[in-house]
Amino acid sequence: MLLLAIAHLRHRKLRTTLSILAVGIGIAMLIVMLGLSHGMLNEVADRMQSVDAELIVLPENENVIFTAGAAFSGKYAPLIDAFEMDGRRVVKRTIGVMVDTLHMGGQQQRLFGVDRDDMNAFLGRRKIIEGRLFDADRKFGNLLDSMRNENGYYDPTRITESQEASACELVIDTRLARVGKYSVGDQITFLGRSFKIVGIVQSGVAGRVFCPIQVLQHFKNAGVPWVSLFFVQLRPQQETAASNYDERVADALSAHIKAKVELKTAYRQLMYESFSQVYIYINAASGVALVVCFLFILLTMYTMVLERTREIGILKSLGAGRMYLLRMSVIEAVIICTCGTIVGIGLAFGAKYGLESAKPLLTMTIEPKFVAIALAIGVVGGSLSAIYPGYRAANLDPVAALGFD
Amino acid sequence: MTTISDHILKVRDVHYAYHTAGVATPVLHGIDLELRRGEFVIIMGPSGCGKTTLLNIIGLMMPARSGTVELDGAEVSSLDDAGRASVRRNKLGFVFQRFNLLPVLTVEQNVSLALRLRGDQLDGQAIRILERVGLADKRHSKPNALSVGEQQRAAIARAVVRRPALLLADEPTGSLDSRNAQSVLDLLRELNASDGVTTLMITHNEHLADRADRVLFMHDGRFA
Ligand SMILES: Nc1ncnc2c1ncn2[C@@H]1O[C@H](COP(=O)(O)OP(=O)(O)OP(=O)(O)O)[C@@H](O)[C@H]1O
Ligand SMILES: [Mg+2]
């Protein structure tokens with residue numbers, strides 16, 4: 001039967017090739033969609049995991065993915081710092097971040113405004129490849145701190161333009177540097193001002209672009225020390241601490257400061273939840289593409305049945321039963337679809353290479369799971385689309401089929 | 001003396017009518033026929049008298065409307081679709097006027113397909129039968145690269161490779177010139193003589209008829 005199926009497929013090379021290609025394109029589309037969406041999310045999630053902190057504090061009803069602007073006033077940081085659970089201080093360090101966006105490397109980038117002294121939490125073991133960190137010696141930070149009153153406010157009009165200009169510094173990651181062909185010393189316009197790239201760090205850090213948090217607060221909030229979110233480092237656990245210690249702290253802290261406190265490790269899940277709507281569209285689009293390509297296979301198989309009516313009559317005269325003819329149709333379609341799926345997987349890897357060369361900021365991951373899903377869909381879809389044509393073949397009247405021209 | 005098991009085929013009182021657009025056209029009117037094991041029988045008769053219809057009923061390609069067909073000791077006319085396919089696989093061989101080889105397969109593959117359909121081991125049977133019909137050297141050719149005489153010999157090889165209890169041949173020489181027709185008949189007779197292939201053959205060619213063990217004349221759906 002395999003022999004006959006292969007003989008038939010080879011007999012109609014062009015049609016077989018086209019069918020394989022149709023399935024291949026559908027499958028490639030599925031894998032590329034999955035690969036891009038998962039790749040992008042995971043890349044961001046991985047970068048967030050690199051931050052040396054256990055908790056993320058967000059405004060109530062805010063989404064960690066999209067949050068920006070100044071949400072938390074200056075009173076929050078001391079409140080978090082001083083938070084106690086079971087009579088013990090639990091917070092080691094509270095790291096305020098002001099999130100913004102700027103245009104670099106051909107697209108919008110998330111900008112992390114961070115205090116220079118907090119940068120270690122973001123860098124971890126990653127090296128500064130070129131240049132240095134922004135706000136050397138924390139000159140600007142210290143200058144502002146020296147001017148603050150007891151509420152943390154200062155008079156922004158007393159900062160000179162040259163003091164401002166010297167603080168406008170950026171640190172970017174290697175990936176963005178490669179894509180935008182940036183190097184240390186380059187100027188970027190942001191907030192109507194000229195920012196200088198002073199350092200390039202190994203990629204994998206949470207943000208692709210960092211600047212002093214004081215600069216963002218100064219220009220955007222008239223110096224008011226508000227922040228978008230906090231990363232919270234916890235003190236080392238007590239010896240008897242339970243395994244869900246971080247969660248308990250998160251819940252208690254959340255109740256205490258009336259803000260949303262997420263585990264950093266929940267970030268990936270949060271990302272997937274945030275993009276679930278987008279996923280629906282992506283999956284629907286891939287699904288439609290696959291349905292179309294299996295309809296194509298159905299049509300192809302149906303044409304084959306019509307074309308081979310006489311052969312089916314011959315097979316029946318030789319004693320081929322209905323199941324044999326049904327199986328023959330399915331086997332043929334499964335061969336097409338399996339080849340098509342393999343072609344599609346190849347195309348997807350090609351697309352990954354092409355996309356990542358053309359758009360290096362895109363991350364596309366082809367997980368073994370996706371390949372398995374593609375193969376399953378290919379084989380199942382192929383079999384299903386062959387059933388109706390196979391059924392028609394099985395039910396042909398042998399005498400009429402033999403008389404067919 | 002003739003015992004029951006001497007009969008490979010017993011057809012009893014078979015009637016058949018085609019129904020087109022609600023109009024019934026009766027074709028067979030009570031056919032009785034018995035074939036003994038190893039017999040070579042030819043059916044002749046005017047065009048449209050029902051020869052092919054009868055052969056298709058005996059070959060279980062269509063159901064008899066009434067009457068019975070007993071093949072190799074078993075009543076087969078009331079079998080379901082799967083049962084009929086099984087009998088076609090295991091007991092019957094067909095040779096048609098139009099050869100009916102599968103064009104996408106080679107000659108050898110056409111022959112071995114008959115064996116594969118039955119789940120048989122191939123172990124050289126296909127080649128041996130092709131040697132006997134004189135096509136061993138053409139076994140890798142596709143049917144349309146063969147002459148018509150060769151195609152019919154290939155079709156005969158495919159029909160007899162499974163050693164059918166009954167070989168049904170519907171005008172096997174109808175598409176052949178007289179020389180090829182003679183050689184095809186020689187082949188069928190040879191297979192009948194040496195292997196005992198019981199053969200029921202339809203032909204219009206009177207020159208072939210005298211080579212049969214028996215000739216039956218059909219007229220208007222009845223044997224004369
Ligand atoms: N599918 C069909 N539907 C309706 N009538 C049919 C059908 N097939 C055959 N007939 C009619 O049945 C009659 C017998 O046909 P059949 O093919 O058995 O004749 P035959 O003896 O084999 O003729 P020939 O020698 O020309 O092959 C003819 O009158 C024919 O027109
Ligand atoms: Mg006829």
# chains A, B, ... in the order shown; residues from 1 in each chain; ligands from 1
>>> interface_residues(of="chain A", to="chain B", cutoff="6 Å", atoms="only C-alpha atoms", output="list in words")
Ala7, Leu318, Gly319 and Gly321 of chain A
>>> residues_around(residues="Val379 in chain A", least_positions_apart="4", cutoff="9 Å", atoms="only C-alpha atoms", output="ChimeraX atom specification")
/A:333-335,337-338,341,374-375,383-384
>>> write_last_selection(atoms="N, CA, C and O atoms", output="mmCIF file, in the first residue's frame")
data_model
loop_
_atom_site.group_PDB
_atom_site.id
_atom_site.type_symbol
_atom_site.label_atom_id
_atom_site.label_comp_id
_atom_site.auth_asym_id
_atom_site.auth_seq_id
_atom_site.Cartn_x
_atom_site.Cartn_y
_atom_site.Cartn_z
ATOM 1 N N ALA A 333 -2.222 11.006 2.108
ATOM 2 C CA ALA A 333 -2.313 12.350 2.692
ATOM 3 C C ALA A 333 -1.325 12.507 3.841
ATOM 4 O O ALA A 333 -0.713 13.568 4.009
ATOM 5 N N VAL A 334 -1.162 11.451 4.611
ATOM 6 C CA VAL A 334 -0.232 11.545 5.739
ATOM 7 C C VAL A 334 1.205 11.698 5.230
ATOM 8 O O VAL A 334 1.996 12.458 5.798
ATOM 9 N N ILE A 335 1.515 11.013 4.141
ATOM 10 C CA ILE A 335 2.865 11.187 3.567
ATOM 11 C C ILE A 335 3.046 12.649 3.151
ATOM 12 O O ILE A 335 4.040 13.295 3.485
ATOM 13 N N CYS A 337 1.445 15.260 4.213
ATOM 14 C CA CYS A 337 1.423 16.180 5.346
ATOM 15 C C CYS A 337 2.672 16.034 6.208
ATOM 16 O O CYS A 337 3.158 17.020 6.765
ATOM 17 N N THR A 338 3.186 14.818 6.312
ATOM 18 C CA THR A 338 4.413 14.652 7.091
ATOM 19 C C THR A 338 5.576 15.343 6.384
ATOM 20 O O THR A 338 6.340 16.092 7.002
ATOM 21 N N THR A 341 5.068 18.957 6.792
ATOM 22 C CA THR A 341 5.411 19.424 8.135
ATOM 23 C C THR A 341 6.918 19.560 8.289
ATOM 24 O O THR A 341 7.415 20.538 8.854
ATOM 25 N N ALA A 374 3.523 20.777 15.774
ATOM 26 C CA ALA A 374 3.409 20.884 14.315
ATOM 27 C C ALA A 374 3.273 19.497 13.689
ATOM 28 O O ALA A 374 2.417 19.281 12.826
ATOM 29 N N LEU A 375 4.095 18.561 14.158
ATOM 30 C CA LEU A 375 4.024 17.209 13.598
ATOM 31 C C LEU A 375 2.667 16.576 13.879
ATOM 32 O O LEU A 375 2.060 15.958 13.004
ATOM 33 N N SER A 383 -4.626 13.182 8.061
ATOM 34 C CA SER A 383 -5.508 12.012 8.108
ATOM 35 C C SER A 383 -6.959 12.439 7.991
ATOM 36 O O SER A 383 -7.726 11.855 7.223
ATOM 37 N N LEU A 384 -7.323 13.479 8.751
ATOM 38 C CA LEU A 384 -8.726 13.902 8.746
ATOM 39 C C LEU A 384 -9.142 14.371 7.355
ATOM 40 O O LEU A 384 -10.229 14.035 6.880
#
>>> residues_near_ligand(ligand="ligand 2", cutoff="10 Å", atoms="only C-alpha atoms and all ligand atoms", output="ChimeraX atom specification")
/B:45-56,96-97,170-171,202-204
>>> write_last_selection(atoms="all heavy atoms", output="compact mmCIF listing (two decimals), in the first residue's frame")
# COMPACT_ATOMS: atom_id res chain seq x y z
N GLY B 45 -22.22 -15.22 -27.33
CA GLY B 45 -23.59 -14.73 -27.47
C GLY B 45 -23.59 -13.33 -28.01
O GLY B 45 -22.57 -12.63 -27.94
N PRO B 46 -24.71 -12.91 -28.57
CA PRO B 46 -24.77 -11.58 -29.18
C PRO B 46 -24.53 -10.47 -28.18
O PRO B 46 -24.72 -10.65 -26.97
CB PRO B 46 -26.18 -11.51 -29.77
CG PRO B 46 -26.94 -12.56 -29.07
CD PRO B 46 -25.98 -13.63 -28.67
N SER B 47 -24.13 -9.35 -28.70
CA SER B 47 -23.87 -8.19 -27.86
C SER B 47 -25.13 -7.79 -27.09
O SER B 47 -26.21 -7.77 -27.66
CB SER B 47 -23.39 -7.04 -28.74
OG SER B 47 -23.07 -5.94 -27.94
N GLY B 48 -24.98 -7.54 -25.84
CA GLY B 48 -26.11 -7.08 -25.03
C GLY B 48 -26.94 -8.20 -24.45
O GLY B 48 -27.93 -7.95 -23.78
N CYS B 49 -26.51 -9.45 -24.63
CA CYS B 49 -27.33 -10.54 -24.13
C CYS B 49 -27.14 -10.77 -22.63
O CYS B 49 -27.89 -11.53 -22.02
CB CYS B 49 -27.07 -11.82 -24.92
SG CYS B 49 -25.44 -12.53 -24.61
N GLY B 50 -26.11 -10.17 -22.06
CA GLY B 50 -25.97 -10.26 -20.60
C GLY B 50 -24.75 -11.02 -20.13
O GLY B 50 -24.63 -11.36 -18.95
N LYS B 51 -23.80 -11.28 -21.02
CA LYS B 51 -22.62 -12.07 -20.65
C LYS B 51 -21.80 -11.36 -19.56
O LYS B 51 -21.44 -11.97 -18.54
CB LYS B 51 -21.73 -12.28 -21.89
CG LYS B 51 -22.44 -12.94 -23.06
CD LYS B 51 -21.53 -13.11 -24.24
CE LYS B 51 -21.04 -11.83 -24.88
NZ LYS B 51 -22.08 -11.01 -25.53
N THR B 52 -21.50 -10.08 -19.79
CA THR B 52 -20.69 -9.34 -18.81
C THR B 52 -21.41 -9.23 -17.48
O THR B 52 -20.82 -9.37 -16.41
CB THR B 52 -20.35 -7.95 -19.37
OG1 THR B 52 -19.55 -8.10 -20.54
CG2 THR B 52 -19.59 -7.11 -18.35
N THR B 53 -22.72 -9.01 -17.56
CA THR B 53 -23.50 -8.92 -16.34
C THR B 53 -23.37 -10.20 -15.51
O THR B 53 -23.13 -10.16 -14.30
CB THR B 53 -24.98 -8.67 -16.69
OG1 THR B 53 -25.06 -7.52 -17.53
CG2 THR B 53 -25.82 -8.46 -15.45
N LEU B 54 -23.46 -11.33 -16.20
CA LEU B 54 -23.34 -12.60 -15.50
C LEU B 54 -21.95 -12.76 -14.88
O LEU B 54 -21.81 -13.17 -13.72
CB LEU B 54 -23.63 -13.76 -16.47
CG LEU B 54 -23.42 -15.16 -15.87
CD1 LEU B 54 -24.38 -15.41 -14.71
CD2 LEU B 54 -23.58 -16.25 -16.94
N LEU B 55 -20.94 -12.41 -15.67
CA LEU B 55 -19.58 -12.56 -15.17
C LEU B 55 -19.35 -11.67 -13.94
O LEU B 55 -18.67 -12.06 -12.99
CB LEU B 55 -18.57 -12.20 -16.27
CG LEU B 55 -17.31 -13.04 -16.25
CD1 LEU B 55 -17.62 -14.48 -16.63
CD2 LEU B 55 -16.25 -12.45 -17.19
N ASN B 56 -19.92 -10.45 -13.97
CA ASN B 56 -19.76 -9.54 -12.83
C ASN B 56 -20.47 -10.06 -11.59
O ASN B 56 -20.02 -9.84 -10.47
CB ASN B 56 -20.29 -8.14 -13.19
CG ASN B 56 -19.30 -7.37 -14.04
OD1 ASN B 56 -18.10 -7.64 -13.99
ND2 ASN B 56 -19.79 -6.43 -14.82
N PHE B 96 -9.54 -8.65 -18.09
CA PHE B 96 -10.50 -7.79 -18.79
C PHE B 96 -10.03 -7.52 -20.21
O PHE B 96 -8.86 -7.64 -20.54
CB PHE B 96 -10.63 -6.45 -18.06
CG PHE B 96 -11.00 -6.56 -16.62
CD1 PHE B 96 -10.01 -6.60 -15.64
CD2 PHE B 96 -12.32 -6.60 -16.22
CE1 PHE B 96 -10.34 -6.68 -14.30
CE2 PHE B 96 -12.66 -6.69 -14.88
CZ PHE B 96 -11.67 -6.73 -13.92
N GLN B 97 -11.00 -7.08 -21.01
CA GLN B 97 -10.65 -6.68 -22.37
C GLN B 97 -9.63 -5.53 -22.35
O GLN B 97 -8.75 -5.45 -23.18
CB GLN B 97 -11.92 -6.25 -23.11
CG GLN B 97 -11.66 -5.82 -24.53
CD GLN B 97 -12.95 -5.49 -25.27
OE1 GLN B 97 -14.05 -5.61 -24.74
NE2 GLN B 97 -12.81 -5.06 -26.52
N ASP B 170 -13.25 -11.62 -19.40
CA ASP B 170 -14.30 -10.99 -20.21
C ASP B 170 -13.67 -10.43 -21.48
O ASP B 170 -13.03 -9.38 -21.46
CB ASP B 170 -14.97 -9.87 -19.40
CG ASP B 170 -16.24 -9.37 -20.09
OD1 ASP B 170 -16.47 -9.74 -21.26
OD2 ASP B 170 -16.99 -8.61 -19.44
N GLU B 171 -13.82 -11.15 -22.55
CA GLU B 171 -13.25 -10.78 -23.84
C GLU B 171 -11.77 -10.41 -23.74
O GLU B 171 -11.36 -9.31 -24.11
CB GLU B 171 -14.03 -9.62 -24.47
CG GLU B 171 -15.47 -10.01 -24.75
CD GLU B 171 -16.19 -8.96 -25.58
OE1 GLU B 171 -15.62 -8.52 -26.60
OE2 GLU B 171 -17.31 -8.58 -25.20
N ILE B 202 -15.43 -15.15 -21.75
CA ILE B 202 -16.38 -14.64 -22.73
C ILE B 202 -15.60 -14.26 -23.97
O ILE B 202 -14.52 -13.65 -23.87
CB ILE B 202 -17.10 -13.38 -22.19
CG1 ILE B 202 -17.95 -13.72 -20.96
CG2 ILE B 202 -17.95 -12.75 -23.28
CD1 ILE B 202 -18.50 -12.48 -20.27
N THR B 203 -16.12 -14.62 -25.12
CA THR B 203 -15.48 -14.15 -26.35
C THR B 203 -16.50 -14.08 -27.48
O THR B 203 -17.55 -14.71 -27.45
CB THR B 203 -14.31 -15.06 -26.76
OG1 THR B 203 -13.64 -14.48 -27.88
CG2 THR B 203 -14.79 -16.45 -27.13
N HIS B 204 -16.19 -13.26 -28.45
CA HIS B 204 -17.00 -13.19 -29.68
C HIS B 204 -16.32 -13.94 -30.81
O HIS B 204 -16.87 -14.05 -31.89
CB HIS B 204 -17.17 -11.72 -30.10
CG HIS B 204 -18.17 -10.98 -29.28
ND1 HIS B 204 -19.51 -11.18 -29.41
CD2 HIS B 204 -18.01 -10.06 -28.31
CE1 HIS B 204 -20.16 -10.40 -28.54
NE2 HIS B 204 -19.25 -9.70 -27.86
>>> closest_residue(among="A:Met271, A:Ala167, A:Leu9, A:Ala45", to="Leu216 in chain A", atoms="only C-alpha atoms")
A:Ala167
>>> closest_residue(among="B:Val76, B:Ala212, B:Leu191, B:Ala145", to="Ile129 in chain B", atoms="only C-alpha atoms")
B:Leu191
>>> residues_around(residues="Ser73 in chain A", least_positions_apart="2", cutoff="9 Å", atoms="only C-alpha atoms", output="PyMOL selection string")
chain A and resi 70-71+75-77+224-227
>>> residues_around(residues="Arg178 in chain A", least_positions_apart="5", cutoff="10 Å", atoms="only C-alpha atoms", output="PyMOL selection string")
chain A and resi 105+173+183+360-361
>>> write_last_selection(atoms="N, CA, C and O atoms", output="mmCIF file, in the first residue's frame")
data_model
loop_
_atom_site.group_PDB
_atom_site.id
_atom_site.type_symbol
_atom_site.label_atom_id
_atom_site.label_comp_id
_atom_site.auth_asym_id
_atom_site.auth_seq_id
_atom_site.Cartn_x
_atom_site.Cartn_y
_atom_site.Cartn_z
ATOM 1 N N GLY A 105 17.227 52.147 18.110
ATOM 2 C CA GLY A 105 17.369 50.890 17.361
ATOM 3 C C GLY A 105 16.158 50.586 16.513
ATOM 4 O O GLY A 105 15.831 49.431 16.288
ATOM 5 N N ASP A 173 22.348 47.914 26.368
ATOM 6 C CA ASP A 173 22.910 46.560 26.335
ATOM 7 C C ASP A 173 23.519 46.270 24.957
ATOM 8 O O ASP A 173 23.311 47.003 23.994
ATOM 9 N N SER A 183 27.731 53.228 19.735
ATOM 10 C CA SER A 183 28.908 53.000 20.562
ATOM 11 C C SER A 183 28.993 54.112 21.597
ATOM 12 O O SER A 183 28.250 55.105 21.532
ATOM 13 N N PRO A 360 17.329 42.167 14.590
ATOM 14 C CA PRO A 360 18.025 41.469 15.683
ATOM 15 C C PRO A 360 17.352 41.617 17.043
ATOM 16 O O PRO A 360 17.632 40.839 17.940
ATOM 17 N N LEU A 361 16.459 42.571 17.187
ATOM 18 C CA LEU A 361 15.797 42.690 18.485
ATOM 19 C C LEU A 361 14.681 41.675 18.644
ATOM 20 O O LEU A 361 14.146 41.482 19.725
#
>>> residues_around(residues="Ile159 in chain A", least_positions_apart="4", cutoff="12 Å", atoms="only C-alpha atoms", output="compact mmCIF listing (two decimals) with N, CA and C atoms, in the first residue's frame")
# COMPACT_ATOMS: atom_id res chain seq x y z
N PHE A 140 25.48 63.63 40.33
CA PHE A 140 24.17 64.28 40.17
C PHE A 140 23.23 63.85 41.30
N LEU A 143 24.24 65.55 44.42
CA LEU A 143 23.92 66.97 44.35
C LEU A 143 22.46 67.21 44.70
N LEU A 144 21.57 66.42 44.09
CA LEU A 144 20.15 66.60 44.37
C LEU A 144 19.84 66.27 45.83
N MET A 147 20.30 68.92 48.18
CA MET A 147 19.38 70.06 48.09
C MET A 147 17.98 69.72 48.59
N TYR A 154 13.19 69.20 46.15
CA TYR A 154 14.18 70.25 45.96
C TYR A 154 13.64 71.21 44.90
N ASP A 155 14.31 72.31 44.72
CA ASP A 155 13.85 73.29 43.74
C ASP A 155 14.55 73.05 42.41
N GLN A 163 24.70 71.40 34.59
CA GLN A 163 24.54 70.28 35.52
C GLN A 163 23.57 69.26 34.96
N GLU A 164 22.47 69.77 34.40
CA GLU A 164 21.49 68.88 33.78
C GLU A 164 22.12 68.10 32.64
N ALA A 165 22.81 68.85 31.76
CA ALA A 165 23.36 68.22 30.56
C ALA A 165 24.34 67.11 30.93
N SER A 166 25.15 67.34 31.96
CA SER A 166 26.16 66.33 32.29
C SER A 166 25.51 65.08 32.90
N ALA A 167 24.27 65.21 33.38
CA ALA A 167 23.59 64.05 33.96
C ALA A 167 22.86 63.21 32.93
N VAL A 215 17.30 61.82 36.75
CA VAL A 215 17.12 62.60 35.52
C VAL A 215 15.67 62.54 35.07
N HIS A 218 13.60 64.49 37.49
CA HIS A 218 13.87 65.92 37.35
C HIS A 218 13.13 66.52 36.16
N PHE A 219 13.25 65.85 35.02
CA PHE A 219 12.63 66.41 33.82
C PHE A 219 11.14 66.16 33.75
N ALA A 222 9.36 67.33 37.82
CA ALA A 222 9.86 68.50 38.54
C ALA A 222 10.62 68.09 39.81
N GLY A 223 11.32 66.96 39.71
CA GLY A 223 12.18 66.56 40.81
C GLY A 223 11.50 65.79 41.91
>>> residues_around(residues="range 11-21 of chain B", least_positions_apart="3", cutoff="10 Å", atoms="only C-alpha atoms", output="ChimeraX atom specification")
/B:24-35,50,53-54,57-58,63-71,75,77,221-222
>>> atom_distance(atom1="CA of Phe370 in chain A", atom2="CA of Ala358 in chain A")
22.8 Å
>>> residues_around(residues="Gly149 in chain B", least_positions_apart="3", cutoff="7 Å", atoms="only C-alpha atoms", output="VMD selection string")
chain B and resid 152 to 153 176 180
>>> closest_atom_pairs(of="chain A", to="ligand 1", cutoff="10 Å", atoms="only C-alpha atoms and all ligand atoms", output="tab-separated table")
residue	atom	partner	partner_atom_place_in_ligand_line	distance
A:Val399	CA	ligand 1	1 (N)	8.0
A:Ala400	CA	ligand 1	1 (N)	7.0
A:Gly403	CA	ligand 1	1 (N)	9.1
>>> write_last_selection(atoms="N, CA and C atoms", output="PDB file, in the first residue's frame")
ATOM      1  N   VAL A 399     -18.056  -1.923 -10.636  1.00  0.00           N
ATOM      2  CA  VAL A 399     -18.317  -2.076 -12.069  1.00  0.00           C
ATOM      3  C   VAL A 399     -18.339  -0.715 -12.744  1.00  0.00           C
ATOM      4  N   ALA A 400     -19.025   0.242 -12.113  1.00  0.00           N
ATOM      5  CA  ALA A 400     -19.081   1.590 -12.679  1.00  0.00           C
ATOM      6  C   ALA A 400     -17.678   2.190 -12.729  1.00  0.00           C
ATOM      7  N   GLY A 403     -15.659   0.948 -15.572  1.00  0.00           N
ATOM      8  CA  GLY A 403     -16.113   1.437 -16.864  1.00  0.00           C
ATOM      9  C   GLY A 403     -15.813   2.901 -17.085  1.00  0.00           C
TER      10      GLY A 403
END
>>> closest_residue(among="A:Leu2, A:Ile27, A:Cys293, A:Met98", to="Ala348 in chain A", atoms="only C-alpha atoms")
A:Ile27
>>> closest_residue(among="A:Thr303, A:Asn42, A:Gln49, A:Asn395", to="Thr363 in chain A", atoms="only C-alpha atoms")
A:Asn42
